[in-house]
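A.B. asks: Below you'll find the structure I mean.
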Amino acid sequence: MGEPHISVRGLSHSYESNGQPLAALESVDLKVERGEFVSVVGPSGGGKTTLLRCIGGLIEPYAGEVAVGGMPPEEARRRRAIGCVFQDPSLLPWRTVLGNVALPLEIGGGRANPQRLRETLEAVGMLNFGGYYPHQLSGGMAQRTAFARALAMDADALLMDEPLGALDEITRAEVRLYLLSLWERTRSTVVMVTHSVPEAVLTSDRVVVLSSRPGRVVGVVIVDLPRPRERSLEDSPEFLACSSEVRAMLLAGSGVAL
Amino acid sequence: MERRVTEMSTSDPLRTVESGPSAQSLRPLAWYVLPPAAALSLLAVAWEAWTRLAGVPSYIIPSPSAVLGRLASDPGYFALHGAVTILEAAGGFLVGASVAVVMGVAMAHSRTVERTLFPIALLVKVTPVVAVAPLFVIWFGFGSGPKVLIAALITFFPVMVNTLVGLRSVSPGALDLLRSLDASDMEILVKLRAPSSLPYLFAAFRIAVPLSVIGAVVGEWFTGDRGLGSVIIVAHNNIDMPTLFSAVVSLAIIGVALTAILSYAERKALFWHDSFITS
């Protein structure tokens with residue numbers, strides 16, 4: 001393999017909290033190959049989101065090196081090489097589903113290609129809801145619309161910050177499978193922050209475990225499960241082995257002795 | 001200061017897919033009209049009975065039938081003067097609201113501009129418009145000028161404050177999204193801040209529209225021979241209470257009509273807002 005798509009070296013970041021500097025990340029190293037799905041799990045407040053925002057070029061300054069496709073993240077963001085999905089779908093309530101998906105393409109004076117928009121909506125199973133307004137959508141549909149909005153940009157790197165975190169358990173399982181099949185078709189590079197170990201293991205090629213604050217990489221679990229993956233996989237011994245390995249690292253990293 | 005003119009509904013409405021794009025709970029028209037009509041009729045009957053039974057002279061308080069009789073005897077007279085008042089109020093509202101929105105946008109854009117202009121705006125707000133009205137008559141004569149100006153002044157402040165607050169009250173997530181897309185300030189203004197400010201703007205209009213009518217009437221008191229305000233002054237001087245009450249009733253009807261039009265426009269423009277989403 002050549003140069004990794006996303007490369008993070010010695011990344012440290014601290015922010016002010018009540019006038020005190022608070023270290024969020026400490027010398028984090030991470031390499032993500034092109035087309036790889038990597039999850040980042042860790043305790044709350046462990047700097048997962050900070051890591052993602054640094055990669056997305058949304059936080060400056062930081063110490064260390066970050067490159068996305070060989071570019072500094074701010075530049076990659078400007079060139080629309082990075083798509084973001086946040087926990088809150090943040091749809092504009094006065095725009096239809098279609099209008100929301102088209103929004104990123106309109107910024108900078110561009111025009112959305114209607115055919116492409118339809119394909120994107122179809123990919124997330126929202127084709128028949130293009131004319132609906134956000135208040136008419138369920139939480140899962142709103143988040144699928146947010147996925148479509150990120151997909152429509154055709155960015156080859158997708159950053160997702162707990163994209164399923166605001167959904168109830170049943171919807172979450174459903175949207176998770178959408179996400180999985182979607183990625184298995186597009187094969188873009190994904191870094192996803194999540195709280196859910198099964199979610200990380202089911203979707204990812206590798207799971208990176210961060211410690212509690214300041215976040216350091218405790219370890220990486222390689223998930224060597226066949227693709228395409230299905231929900232039934234969650235009961236297989238390999239899946240359970242991977243999950244318990246991730247959980248053990250989480251416990252070790254959070255400093256809890258059990 | 002009316003920083004927030006209306007409380008914004010933050011309750012999470014029932015979100016349903018089944019309701020379809022244009023679903024809205026429609027109650028029969030009678031449900032809206034009958035209860036207030038019954039209350040008004042009851043009030044009118046009580047008033048009529050009181051003036052008749054107690055023998056209240058009509059130069060003090062005319063009976064509802066006397067007022068209605070006066071209105072019906074010359075509806076064109078009240079319609080004509082009402083139209084003058086409406087036009088003055090509307091002109092003042094347009095001028096005042098336009099200046100207010102432009103200033104609100106400038107102030108939302110820059111804290112320095114806000115600190116520079118806000119005290120002046122506050123000064124305009126706290127100065128009773130009635131106190132300066134005679135001055136405007138001297139400056140701008142007996143035509144529509146001073147009335148429009150007074151209506152504009154009285155309209156200005158609530159619209160400006162709510163434009164400012166509305167433009168700043170954007171969803172942090174949506175702002176984050178637009179920033180991550182490298183949107184310019186202008187794009188953020190047009191695509192996010194302006195639509196987000198609409199609920200605040202309409203809340204301001206609900207206050208400013210009746211105020212603009214007050215402004216026009218106050219202007220008419222001081223000068224001129226047209227408009228319901230001058231009708232009131234002339235009727236007052238002649239101790240012609242039925243005419244005076246008829247002008248007041250006409251103003252009330254104008255107020256109700258303008259509010260109804262505004263509510264309709266608000267419902268159309270803010271169909272997406274929490275306050276209009278019905279389960």
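In the structure tokens, chains take letters A, B, ... by order of appearance, with residues numbered from 1 within each chain and ligands from 1 in the order shown.
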Find the spatial neighbours of Phe78 of chain B, counting only C-alpha atoms, within a cut-off of 9 Å - ignore same-chain residues fewer than 6 positions away - and output them as a list in words.

C.D. replies: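 Residues meeting the cut-off are Leu71, Gly227, Leu228, Val231, Ser246, Ala247 and Ser250 of chain B.
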
A.B. asks: Compile the residues of chain A that lie within 10 Å of chain B, evaluated using only C-alpha atoms, and express the compilation as a VMD selection string.

C.D. replies: chain A and resid 53 56 to 58 74 77 to 80 82 to 96 103 to 109 129 131 to 139 141 153

A.B. asks: Mind writing the picked residues with N, CA and C atoms as a short mmCIF file (atom, residue, chain, number, x, y, z; two decimals), in the first residue's frame?

C.D. replies:
```
data_model
loop_
_atom_site.label_atom_id
_atom_site.label_comp_id
_atom_site.auth_asym_id
_atom_site.auth_seq_id
_atom_site.Cartn_x
_atom_site.Cartn_y
_atom_site.Cartn_z
N ARG A 53 -12.47 16.14 14.79
CA ARG A 53 -12.53 17.53 14.33
C ARG A 53 -11.17 18.03 13.85
N GLY A 56 -10.88 16.67 10.46
CA GLY A 56 -11.80 17.38 9.56
C GLY A 56 -11.41 18.82 9.31
N GLY A 57 -10.33 19.27 9.93
CA GLY A 57 -9.90 20.66 9.73
C GLY A 57 -10.83 21.65 10.40
N LEU A 58 -11.53 21.20 11.45
CA LEU A 58 -12.46 22.10 12.14
C LEU A 58 -11.85 22.64 13.42
N GLU A 74 -7.41 21.45 6.59
CA GLU A 74 -8.19 22.64 6.22
C GLU A 74 -8.35 22.70 4.70
N ARG A 77 -10.67 20.03 3.42
CA ARG A 77 -12.06 20.42 3.68
C ARG A 77 -12.53 21.40 2.62
N ARG A 78 -11.68 22.40 2.30
CA ARG A 78 -12.05 23.40 1.31
C ARG A 78 -12.27 22.77 -0.06
N ARG A 79 -11.51 21.73 -0.34
CA ARG A 79 -11.66 21.09 -1.65
C ARG A 79 -12.76 20.05 -1.66
N ARG A 80 -13.53 20.00 -0.58
CA ARG A 80 -14.65 19.06 -0.48
C ARG A 80 -14.19 17.61 -0.54
N ILE A 82 -13.59 16.02 2.22
CA ILE A 82 -14.03 15.44 3.49
C ILE A 82 -15.52 15.70 3.66
N GLY A 83 -16.26 14.64 3.96
CA GLY A 83 -17.67 14.81 4.28
C GLY A 83 -17.87 14.52 5.76
N CYS A 84 -18.80 15.25 6.39
CA CYS A 84 -19.01 15.06 7.83
C CYS A 84 -20.45 14.67 8.12
N VAL A 85 -20.61 13.76 9.08
CA VAL A 85 -21.92 13.43 9.62
C VAL A 85 -21.82 13.55 11.13
N PHE A 86 -22.66 14.38 11.71
CA PHE A 86 -22.62 14.57 13.16
C PHE A 86 -23.76 13.80 13.81
N GLN A 87 -23.70 13.77 15.16
CA GLN A 87 -24.74 13.05 15.90
C GLN A 87 -26.11 13.65 15.63
N ASP A 88 -26.14 15.00 15.58
CA ASP A 88 -27.39 15.69 15.27
C ASP A 88 -27.47 15.86 13.76
N PRO A 89 -28.56 15.41 13.13
CA PRO A 89 -28.59 15.51 11.66
C PRO A 89 -28.55 16.96 11.17
N SER A 90 -28.95 17.93 12.04
CA SER A 90 -28.89 19.36 11.69
C SER A 90 -29.46 19.65 10.31
N LEU A 91 -30.63 19.12 10.04
CA LEU A 91 -31.30 19.44 8.78
C LEU A 91 -31.93 20.82 8.91
N LEU A 92 -31.97 21.57 7.82
CA LEU A 92 -32.64 22.86 7.84
C LEU A 92 -34.14 22.62 7.73
N PRO A 93 -34.92 23.05 8.74
CA PRO A 93 -36.33 22.65 8.80
C PRO A 93 -37.18 23.22 7.67
N TRP A 94 -36.71 24.29 7.03
CA TRP A 94 -37.52 24.91 5.96
C TRP A 94 -37.19 24.32 4.60
N ARG A 95 -36.24 23.39 4.56
CA ARG A 95 -35.92 22.74 3.29
C ARG A 95 -36.43 21.32 3.29
N THR A 96 -36.81 20.84 2.12
CA THR A 96 -37.23 19.45 2.00
C THR A 96 -36.01 18.55 2.13
N LEU A 103 -27.90 21.02 -0.28
CA LEU A 103 -27.28 22.19 0.34
C LEU A 103 -25.76 22.28 0.15
N PRO A 104 -25.01 21.21 0.46
CA PRO A 104 -23.55 21.34 0.33
C PRO A 104 -23.12 21.67 -1.10
N LEU A 105 -23.92 21.21 -2.06
CA LEU A 105 -23.54 21.44 -3.46
C LEU A 105 -23.82 22.87 -3.87
N GLU A 106 -24.73 23.54 -3.16
CA GLU A 106 -25.06 24.92 -3.51
C GLU A 106 -24.04 25.90 -2.94
N ILE A 107 -23.39 25.50 -1.85
CA ILE A 107 -22.41 26.39 -1.23
C ILE A 107 -21.23 26.56 -2.19
N GLY A 108 -20.84 27.80 -2.37
CA GLY A 108 -19.75 28.09 -3.31
C GLY A 108 -20.28 28.29 -4.71
N GLY A 109 -21.60 28.48 -4.82
CA GLY A 109 -22.19 28.83 -6.12
C GLY A 109 -22.39 27.65 -7.05
N PHE A 129 -39.13 10.05 -0.27
CA PHE A 129 -39.39 11.08 0.74
C PHE A 129 -38.69 12.40 0.42
N GLY A 131 -39.62 14.98 -1.06
CA GLY A 131 -40.41 16.18 -0.88
C GLY A 131 -40.85 16.42 0.54
N TYR A 132 -40.45 15.54 1.47
CA TYR A 132 -40.86 15.70 2.86
C TYR A 132 -40.00 16.74 3.57
N TYR A 133 -40.59 17.33 4.60
CA TYR A 133 -39.84 18.27 5.42
C TYR A 133 -39.33 17.54 6.67
N PRO A 134 -38.23 18.04 7.26
CA PRO A 134 -37.64 17.33 8.39
C PRO A 134 -38.62 17.01 9.52
N HIS A 135 -39.59 17.91 9.77
CA HIS A 135 -40.50 17.63 10.89
C HIS A 135 -41.42 16.46 10.61
N GLN A 136 -41.43 16.01 9.37
CA GLN A 136 -42.28 14.86 9.02
C GLN A 136 -41.51 13.55 9.03
N LEU A 137 -40.22 13.62 9.40
CA LEU A 137 -39.37 12.44 9.35
C LEU A 137 -39.18 11.86 10.75
N SER A 138 -38.96 10.54 10.81
CA SER A 138 -38.55 9.93 12.06
C SER A 138 -37.06 10.21 12.26
N GLY A 139 -36.57 9.94 13.46
CA GLY A 139 -35.16 10.19 13.75
C GLY A 139 -34.23 9.43 12.82
N MET A 141 -34.89 8.40 9.76
CA MET A 141 -34.95 8.96 8.40
C MET A 141 -34.15 10.26 8.33
N MET A 153 -21.79 14.93 -1.64
CA MET A 153 -20.60 15.74 -1.90
C MET A 153 -19.53 14.97 -2.66
#
```

A.B. asks: Can you tell me, as a ChimeraX atom specification, which residues in segment 11-252 of chain A count as strand (DSSP E or B) by DSSP?

C.D. replies: /A:11-17,20-32,37-41,63-68,71,82-85,157-161,189-193,206-210,215,217-222

A.B. asks: Can you list every residue of segment 163-204 of chain A that has an atom at most 8 Å from segment 223-246 of chain A, with its nearest atom pair and the distance in Å to one decimal, using only C-alpha atoms, ordered by chain then number, as CSV?

C.D. replies:
```
residue,atom,partner,partner_atom,distance
A:Leu177,CA,A:Arg231,CA,7.5
A:Leu180,CA,A:Arg229,CA,7.7
A:Ser181,CA,A:Pro228,CA,7.6
A:Glu184,CA,A:Pro228,CA,6.8
A:Val197,CA,A:Ser243,CA,6.3
A:Pro198,CA,A:Ser243,CA,6.4
A:Val201,CA,A:Ser243,CA,6.4
A:Leu202,CA,A:Glu234,CA,7.2
A:Thr203,CA,A:Arg229,CA,7.9
A:Ser204,CA,A:Val223,CA,6.7
```

A.B. asks: Within 10 Å of Val249 of chain B, counting only C-alpha atoms, which residues show up once you throw out same-chain ones fewer than 4 positions away? Write them as a PyMOL selection string, please.

C.D. replies: chain B and resi 67-68+71+78+243-245+253-255

A.B. asks: Write a file of the selected residues as a PDB file, in the first residue's frame, keeping C-alpha atoms.

C.D. replies:
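part.pdb written:
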```
ATOM      1  CA  VAL B  67     -73.136  53.234  16.942  1.00  0.00           C
ATOM      2  CA  LEU B  68     -74.114  50.581  14.405  1.00  0.00           C
ATOM      3  CA  LEU B  71     -71.794  53.218  10.835  1.00  0.00           C
ATOM      4  CA  PHE B  78     -65.618  55.474   7.574  1.00  0.00           C
ATOM      5  CA  THR B 243     -69.377  59.068  15.237  1.00  0.00           C
ATOM      6  CA  LEU B 244     -66.476  58.868  17.682  1.00  0.00           C
ATOM      7  CA  PHE B 245     -67.428  55.328  18.699  1.00  0.00           C
ATOM      8  CA  ILE B 253     -61.993  46.097  12.766  1.00  0.00           C
ATOM      9  CA  ILE B 254     -58.842  47.263  10.975  1.00  0.00           C
ATOM     10  CA  GLY B 255     -56.719  45.848  13.813  1.00  0.00           C
TER      11      GLY B 255
END
```

A.B. asks: Ranking A:Thr194, A:Leu25, A:Arg111, A:Val208 by minimum distance to Ile222 of chain A and counting only C-alpha atoms, which one comes first?

C.D. replies: A:Val208

A.B. asks: From segment 154-240 of chain B, collect each residue whose DSSP state is alpha helix (DSSP H) and return the set as a ChimeraX atom specification.

C.D. replies: /B:154-168,172-180,185-188,194-222,228-237
